[in-house]
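*Asks:* Quick one: the structure is below, and I'll ask about it shortly.
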Amino acid sequence: EGSIRNVGTHACGVIITPEPLIDLIPIANAKDSQLLVTQFDNGVVEKAGLLKMDFLGLKNLTIIKDCIKILKALHNIDLDIDTIPLDDKKTFEVFQRADTKGIFQFSSDGMRSHLKQLKPDKFDDLIAMNALFRPGPMEYIPNYIKRKQGKEEIEYDLPEMKEYLSNTYGITVYQEQVMLLSQKLANFSKGDADMLRKGMGKKIKSILDELKPKFYDGCKSNGFDESKVEKIWTDWEAFASYAFNKSHSTCYALIAYQTAYLKAHYPAELMAAILTNHMKDIKGITPLMEECKRMGVKVLGPDVNESFYKFAVNKKGEIRFGLGAVKGVGKSAVETIVDMRKEKGNYTSFDDFVKRIDLRAANKRTLESIALSGGFDLFGLYRSQYFEKIKEQTYIEQMIKFGNKVQATKSSNQVDMFGDTAEASLQAPIAPNTHPWSTMEMLSKEKEVVGIYISGHPLDDYKFEINNFCNAELSTLRNLIPILGKDLSISGVVTNVEHKETKNGKKYGVLYLEDYHDNFRFFIFGDDYINFKAFFNESWLLYVKGKVQKRPFNEDQLEFKVKDIQLLSDLVDKDVRNIVLEVDINDITDDLIHKIETVTNKNGGKHSLIIQINNNQKKYALELLSRNRKLNIDKQFIQEIEKIGEVGLKIT
């Protein structure tokens with residue numbers, strides 16, 4: 001009805017005036033703050049002749065800044081990012097390979113697939129891709145690629161248009177191109193050209209109705225064919241609504257190029273800066289860790305002798321996890337750890353650590369979180385030892401008490417009767433003896449404080465089972481069409497479970513699994529839910545068998561139907577299996593036979609032993625079944641067989 005429903009504040013719109021605002025426009029305080037805002041909306045402000053600017057903050061500028069700081073601290077390199085060459089070959093290779101994960105505006109899967117086809121080799125290509133990769137103009141990307149590669153002819157409606165469209169191979173990509181062409185073809189003033197940009201970009205009919213006859217008349221006076229002029233105007237009306245501002249696209253492309261330059265020349269330092277800026281976003285960190293792995297850059301867990309608050313790079317070029325990314329570790333705690341380390345050198349033991357740091361800033365919870373994350377692993381104790389109780393107190397609690405005593409005696413300057421300082425006579429508690437946690441327990445506790453697995457993966461202990469019994473990964477289930485009708489077997493760790501009920505009162509479950517590279521959720525209904533709900537336990541390691549099929553009530557959709565679930569730990573030994581030891585005929589010696597005999601003699605069980613002799617030259621294999629020897633399959637047996645280099649092992 002034309003009345004104002006509510007008043008809002010623009011996130012980054014700022015009005016700039018030559019004199020105090022209060023003398024020019026009505027102003028008010030923003031809701032719940034002292035921020036001054038105009039009572040005019042943006043359209044009225046501009047009509048009144050005031051300058052309205054949008055100032056955007058970008059996380060990527062901080063990433064670049066952090067990376068440059070790491071370069072200075074680690075290599076003493078003073079890099080001026082604004083003076084890097086814009087024709088650097090290694091940087092363009094990053095774009096050509098689509099190696100752009102973590103690079104601003106160029107990291108999506110869609111953009112990366114276009115980059116592989118385009119193979120950009122100049123800065124203009126990056127500006128154009130930035131402008132084209134949005135709903136609407138995206139349909140022009142294939143034409144842009146074909147024209148760049150000479151597979152499609154470049155055409156101009158009028159030869160005069162070549163001057164402004166040649167950089168984009170005859171395709172109108174930017175608002176500035178429309179503005180410049182309107183001035184050249186129809187003698188528009190700069191003000192008219194800007195009005196045309198605004199009218200087309202925001203589809204303001206009144207402006208277009210006013211400028212259309214002016215454009216036609218201007219073109220006619222310059223002798224251009226009326227039918228071609230009409231086509232140009234129609235094309236502009238259709239395209240200019242999503243034509244992009246070139247200056248905007250150039251700024252974004254420059255930031256992307258600068259990030260890619262750092263990735264090409266200083267990959268570990270850049271990834272450390274990117275990880276730092278995702279410290280509080282664990283979901284964002286996981287794919288970045290994968291990218292580091294793909295690039296061959298090691299990401300190490302927290303370490304009180306190497307870590308800072310942010311992610312950092314050590315002297316070997318490995319990324320060290322930031323202590324600030326550990327849950328329960330605050331900035332002041334990290335400051336005392338780092339300051340003491342800089343002042344008196346690395347910590348040599350846990351008692352040396354508690355004697356030196358400020359235990360008011362780094363309290364019990366902080367030390368527990370660091371221990372769980374692996375930050376104290378360098379001291380040579382099991383993580384479980386820090387939490388083992390002696391006389392109702394954990395080792396950490398005893399050491400905090402000891403550290404406080406040492407610091408209290410230091411400040412009082414006490415001396416004992418033999419002339420030694422009281423500090424020297426204080427004995428540190430001895431770490432209790434206890435068994436290490438299982439891999440799964442250790443990693444679960446690590447994930448609680450860090451959000452991801454760093455020092456390993458729960459599936460690491462079951463690589464043999466995964467290699468022998470799994471034929472797919474969870475990522476396979478992202479696209480079911482190519483695997484319709486196929487039987488799949490997959491392994492993963494349970495990260496979450498849900499027990500639910502339909503509107504009709506029927507119970508069903510959702511099982512969340514995660515493997516090395518992906519995660520997936522399985523919906524399990526009816527009898528399957530009754531049969532398998534015992535496996536709905538977080539941190540359990542499961543082996544899931546199923547088949548991709550059409551949904552019963554909607555054949556247009558596919559589903560992965562779970563047929564069986566087992567514990568990975570039970571998988572090998574549950575059924576009677578064949579243990580096949582593969583040996584090449586040319587490797588058989590008395591020594592090899594003795595080694596195989598030694599391992600199999602001490603490992604009696606229920607599984608059949610088959611020795612498979614391979615003749616790779618004549619391309620045949622002979623299977624020899626042992627009639628009187630049955631074996632057990634356990635981790636020790638697998639490890640001992642794997643130590644015999646000439647023997648291959650498989651389970652069927």
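By convention in this document, the chains of the structure tokens carry letters A, B, ... by their order, each chain's residues are numbered from 1, and ligands are numbered from 1 in the order they are shown.
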Among region 288-438 of chain A, which ones does DSSP place in alpha helix (DSSP H), written as JSON, numbers by chain?
*Replies:* {"A": [288, 289, 290, 291, 292, 293, 294, 295, 331, 332, 333, 334, 335, 336, 337, 338, 339, 340, 341, 342, 343, 344, 350, 351, 352, 353, 354, 355, 356, 364, 365, 366, 367, 368, 369, 370, 371, 372, 373, 395, 396, 397, 398, 399, 400, 401, 402, 403, 404, 405, 406, 407, 408, 409, 410, 411, 412, 422, 423, 424, 425]}
*Asks:* Leaving out Lys595 (chain A) and any residue of its chain fewer than 4 positions from it, which residues lie within 9 Å of it when counting only C-alpha atoms, given as a list in words?
*Replies:* Asp590, Asp591, Val599, Thr600, Ile641 and Ile644 of chain A
*Asks:* Could you please write out, as an NGL selection string, every residue of region 303-363 of chain A that DSSP assigns to strand (DSSP E)?
*Replies:* :A and (312-313 or 319-320)
*Asks:* From the list A:Arg360, A:His517, A:Lys327, A:Lys561, which residue is nearest Asp487 (chain A) when using only C-alpha atoms?
*Replies:*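 Answer, going by the shortest atom-to-atom distance: A:Lys561.
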*Asks:* Using only C-alpha atoms, pick whichever of A:Phe55, A:Trp233, A:Phe321, A:Phe123 has the shortest atom-to-atom distance to Ala253 (chain A).
*Replies:*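 Between A:Phe55, A:Trp233, A:Phe321, A:Phe123, the residue approaching Ala253 (chain A) most closely is A:Phe123.
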*Asks:* Give me the residues near Glu152 (chain A) as an MDAnalysis selection string, where near means some atom within 12 Å (using only C-alpha atoms) and where sequence neighbours in that chain fewer than 3 positions away do not count.
*Replies:* chainID A and resid 142:149 155 169:170
*Asks:* Do a neighbour search on Ala333 (chain A) at 10 Å with only C-alpha atoms, toss out local chain neighbours closer than 4 positions, and write the hits as number ranges by chain.
*Replies:* A: 309, 323-324, 328-329, 337-338, 357-363, 366-367
*Asks:* Find the residues of region 275-333 of chain A that sit at most 9 Å from region 443-464 of chain A; for each, write down the nearest two atoms and how far apart they are in Å, to one decimal. Count only C-alpha atoms. Sort by chain, then by number going up, and give it as CSV.
*Replies:*
```
residue,atom,partner,partner_atom,distance
A:Ile282,CA,A:Gly451,CA,5.9
A:Lys283,CA,A:Gly451,CA,8.4
A:Ile285,CA,A:Ile452,CA,8.3
A:Thr286,CA,A:Ile452,CA,7.1
A:Val299,CA,A:Ile454,CA,7.9
A:Leu300,CA,A:Ile454,CA,7.1
A:Gly301,CA,A:Ile454,CA,5.9
A:Ala325,CA,A:Val450,CA,6.6
A:Val326,CA,A:Val450,CA,5.0
A:Lys327,CA,A:Val449,CA,4.8
A:Gly328,CA,A:Val449,CA,7.5
```
*Asks:* For the residues in the current selection, export N, CA, C and O atoms as a PDB file, in the first residue's frame.
*Replies:*
```pdb
ATOM      1  N   ILE A 282      34.457 -26.223  11.890  1.00  0.00           N
ATOM      2  CA  ILE A 282      35.054 -27.555  11.752  1.00  0.00           C
ATOM      3  C   ILE A 282      34.633 -28.203  10.437  1.00  0.00           C
ATOM      4  O   ILE A 282      35.420 -28.868   9.773  1.00  0.00           O
ATOM      5  N   LYS A 283      33.367 -27.987  10.010  1.00  0.00           N
ATOM      6  CA  LYS A 283      32.923 -28.581   8.730  1.00  0.00           C
ATOM      7  C   LYS A 283      33.756 -28.054   7.573  1.00  0.00           C
ATOM      8  O   LYS A 283      34.012 -28.752   6.600  1.00  0.00           O
ATOM      9  N   ILE A 285      36.899 -27.085   7.841  1.00  0.00           N
ATOM     10  CA  ILE A 285      38.301 -27.520   7.975  1.00  0.00           C
ATOM     11  C   ILE A 285      38.526 -28.875   7.299  1.00  0.00           C
ATOM     12  O   ILE A 285      39.552 -29.111   6.667  1.00  0.00           O
ATOM     13  N   THR A 286      37.534 -29.786   7.397  1.00  0.00           N
ATOM     14  CA  THR A 286      37.728 -31.148   6.887  1.00  0.00           C
ATOM     15  C   THR A 286      38.101 -31.178   5.408  1.00  0.00           C
ATOM     16  O   THR A 286      39.104 -31.788   5.040  1.00  0.00           O
ATOM     17  N   VAL A 299      49.660 -31.993   7.615  1.00  0.00           N
ATOM     18  CA  VAL A 299      49.051 -31.202   8.697  1.00  0.00           C
ATOM     19  C   VAL A 299      49.239 -31.993   9.982  1.00  0.00           C
ATOM     20  O   VAL A 299      48.704 -33.091  10.138  1.00  0.00           O
ATOM     21  N   LEU A 300      50.041 -31.458  10.899  1.00  0.00           N
ATOM     22  CA  LEU A 300      50.341 -32.132  12.163  1.00  0.00           C
ATOM     23  C   LEU A 300      49.440 -31.599  13.269  1.00  0.00           C
ATOM     24  O   LEU A 300      48.974 -30.462  13.214  1.00  0.00           O
ATOM     25  N   GLY A 301      49.222 -32.421  14.272  1.00  0.00           N
ATOM     26  CA  GLY A 301      48.372 -32.022  15.393  1.00  0.00           C
ATOM     27  C   GLY A 301      49.017 -30.946  16.251  1.00  0.00           C
ATOM     28  O   GLY A 301      50.161 -30.552  16.028  1.00  0.00           O
ATOM     29  N   ALA A 325      42.469 -23.585  17.904  1.00  0.00           N
ATOM     30  CA  ALA A 325      41.418 -24.411  17.294  1.00  0.00           C
ATOM     31  C   ALA A 325      40.982 -25.542  18.225  1.00  0.00           C
ATOM     32  O   ALA A 325      40.069 -26.293  17.903  1.00  0.00           O
ATOM     33  N   VAL A 326      41.661 -25.675  19.377  1.00  0.00           N
ATOM     34  CA  VAL A 326      41.317 -26.736  20.343  1.00  0.00           C
ATOM     35  C   VAL A 326      40.259 -26.207  21.303  1.00  0.00           C
ATOM     36  O   VAL A 326      40.421 -25.133  21.889  1.00  0.00           O
ATOM     37  N   LYS A 327      39.185 -26.965  21.452  1.00  0.00           N
ATOM     38  CA  LYS A 327      38.078 -26.550  22.323  1.00  0.00           C
ATOM     39  C   LYS A 327      38.567 -26.418  23.768  1.00  0.00           C
ATOM     40  O   LYS A 327      39.250 -27.308  24.279  1.00  0.00           O
ATOM     41  N   GLY A 328      38.254 -25.302  24.398  1.00  0.00           N
ATOM     42  CA  GLY A 328      38.639 -25.113  25.799  1.00  0.00           C
ATOM     43  C   GLY A 328      39.988 -24.445  25.991  1.00  0.00           C
ATOM     44  O   GLY A 328      40.432 -24.260  27.120  1.00  0.00           O
TER      45      GLY A 328
END
```
*Asks:* Might you pull out every residue within 12 Å of Val178 (chain A), with only C-alpha atoms counted and same-chain residues fewer than 3 positions away left off, and present them as a PyMOL selection string?
*Replies:* chain A and resi 161+164-165+171-175+181-186+188+190+192-201+215+232-233+235-237+239-246
*Asks:* Determine, counting only C-alpha atoms, which protein, DNA and RNA residues have an atom within 9 Å of an atom of Glu335 (chain A); residues of the same chain fewer than 4 positions away are not included. Present the result as number ranges by chain.
*Replies:* A: 308-309, 330-331, 339-340, 361
*Asks:* The selected residues should be written to file as a PDB file, in the first residue's frame (atoms: N, CA and C atoms).
*Replies:*
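Below is the file part.pdb, written as the result:
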```pdb
ATOM      1  N   PHE A 308      51.207 -22.220  17.629  1.00  0.00           N
ATOM      2  CA  PHE A 308      50.834 -20.873  18.069  1.00  0.00           C
ATOM      3  C   PHE A 308      49.313 -20.851  18.207  1.00  0.00           C
ATOM      4  N   TYR A 309      48.729 -19.674  18.408  1.00  0.00           N
ATOM      5  CA  TYR A 309      47.265 -19.606  18.504  1.00  0.00           C
ATOM      6  C   TYR A 309      46.649 -19.991  17.160  1.00  0.00           C
ATOM      7  N   GLY A 330      41.875 -21.031  25.472  1.00  0.00           N
ATOM      8  CA  GLY A 330      41.638 -19.613  25.163  1.00  0.00           C
ATOM      9  C   GLY A 330      42.909 -18.896  24.730  1.00  0.00           C
ATOM     10  N   LYS A 331      42.714 -17.653  24.316  1.00  0.00           N
ATOM     11  CA  LYS A 331      43.837 -16.859  23.790  1.00  0.00           C
ATOM     12  C   LYS A 331      44.894 -16.590  24.864  1.00  0.00           C
ATOM     13  N   ASP A 339      54.716 -17.305  24.984  1.00  0.00           N
ATOM     14  CA  ASP A 339      55.658 -16.322  25.569  1.00  0.00           C
ATOM     15  C   ASP A 339      56.772 -17.011  26.353  1.00  0.00           C
ATOM     16  N   MET A 340      56.397 -17.994  27.181  1.00  0.00           N
ATOM     17  CA  MET A 340      57.404 -18.716  27.985  1.00  0.00           C
ATOM     18  C   MET A 340      58.359 -19.510  27.083  1.00  0.00           C
ATOM     19  N   ALA A 361      46.119 -18.557  33.716  1.00  0.00           N
ATOM     20  CA  ALA A 361      45.634 -18.396  32.328  1.00  0.00           C
ATOM     21  C   ALA A 361      45.369 -19.753  31.690  1.00  0.00           C
TER      22      ALA A 361
END
```
*Asks:* To one decimal in Å, tell me the separation between CA of Arg341 (chain A) and CA of Val304 (chain A).
*Replies:*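 Straight-line distance from CA of Arg341 (chain A) to CA of Val304 (chain A) works out to 8.6 Å.
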*Asks:* Work out how far apart CA of Asp78 (chain A) and CA of Asp66 (chain A) are and give it in Å to one decimal.
*Replies:*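 Going from CA of Asp78 (chain A) over to CA of Asp66 (chain A), I get 12.7 Å.
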*Asks:* With distances taken over only C-alpha atoms, which of A:Pro267, A:Leu581, A:Asp352, A:Gln612 is nearest to Glu597 (chain A)?
*Replies:*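 Counting only C-alpha atoms, the residue closest to Glu597 (chain A) is A:Leu581.
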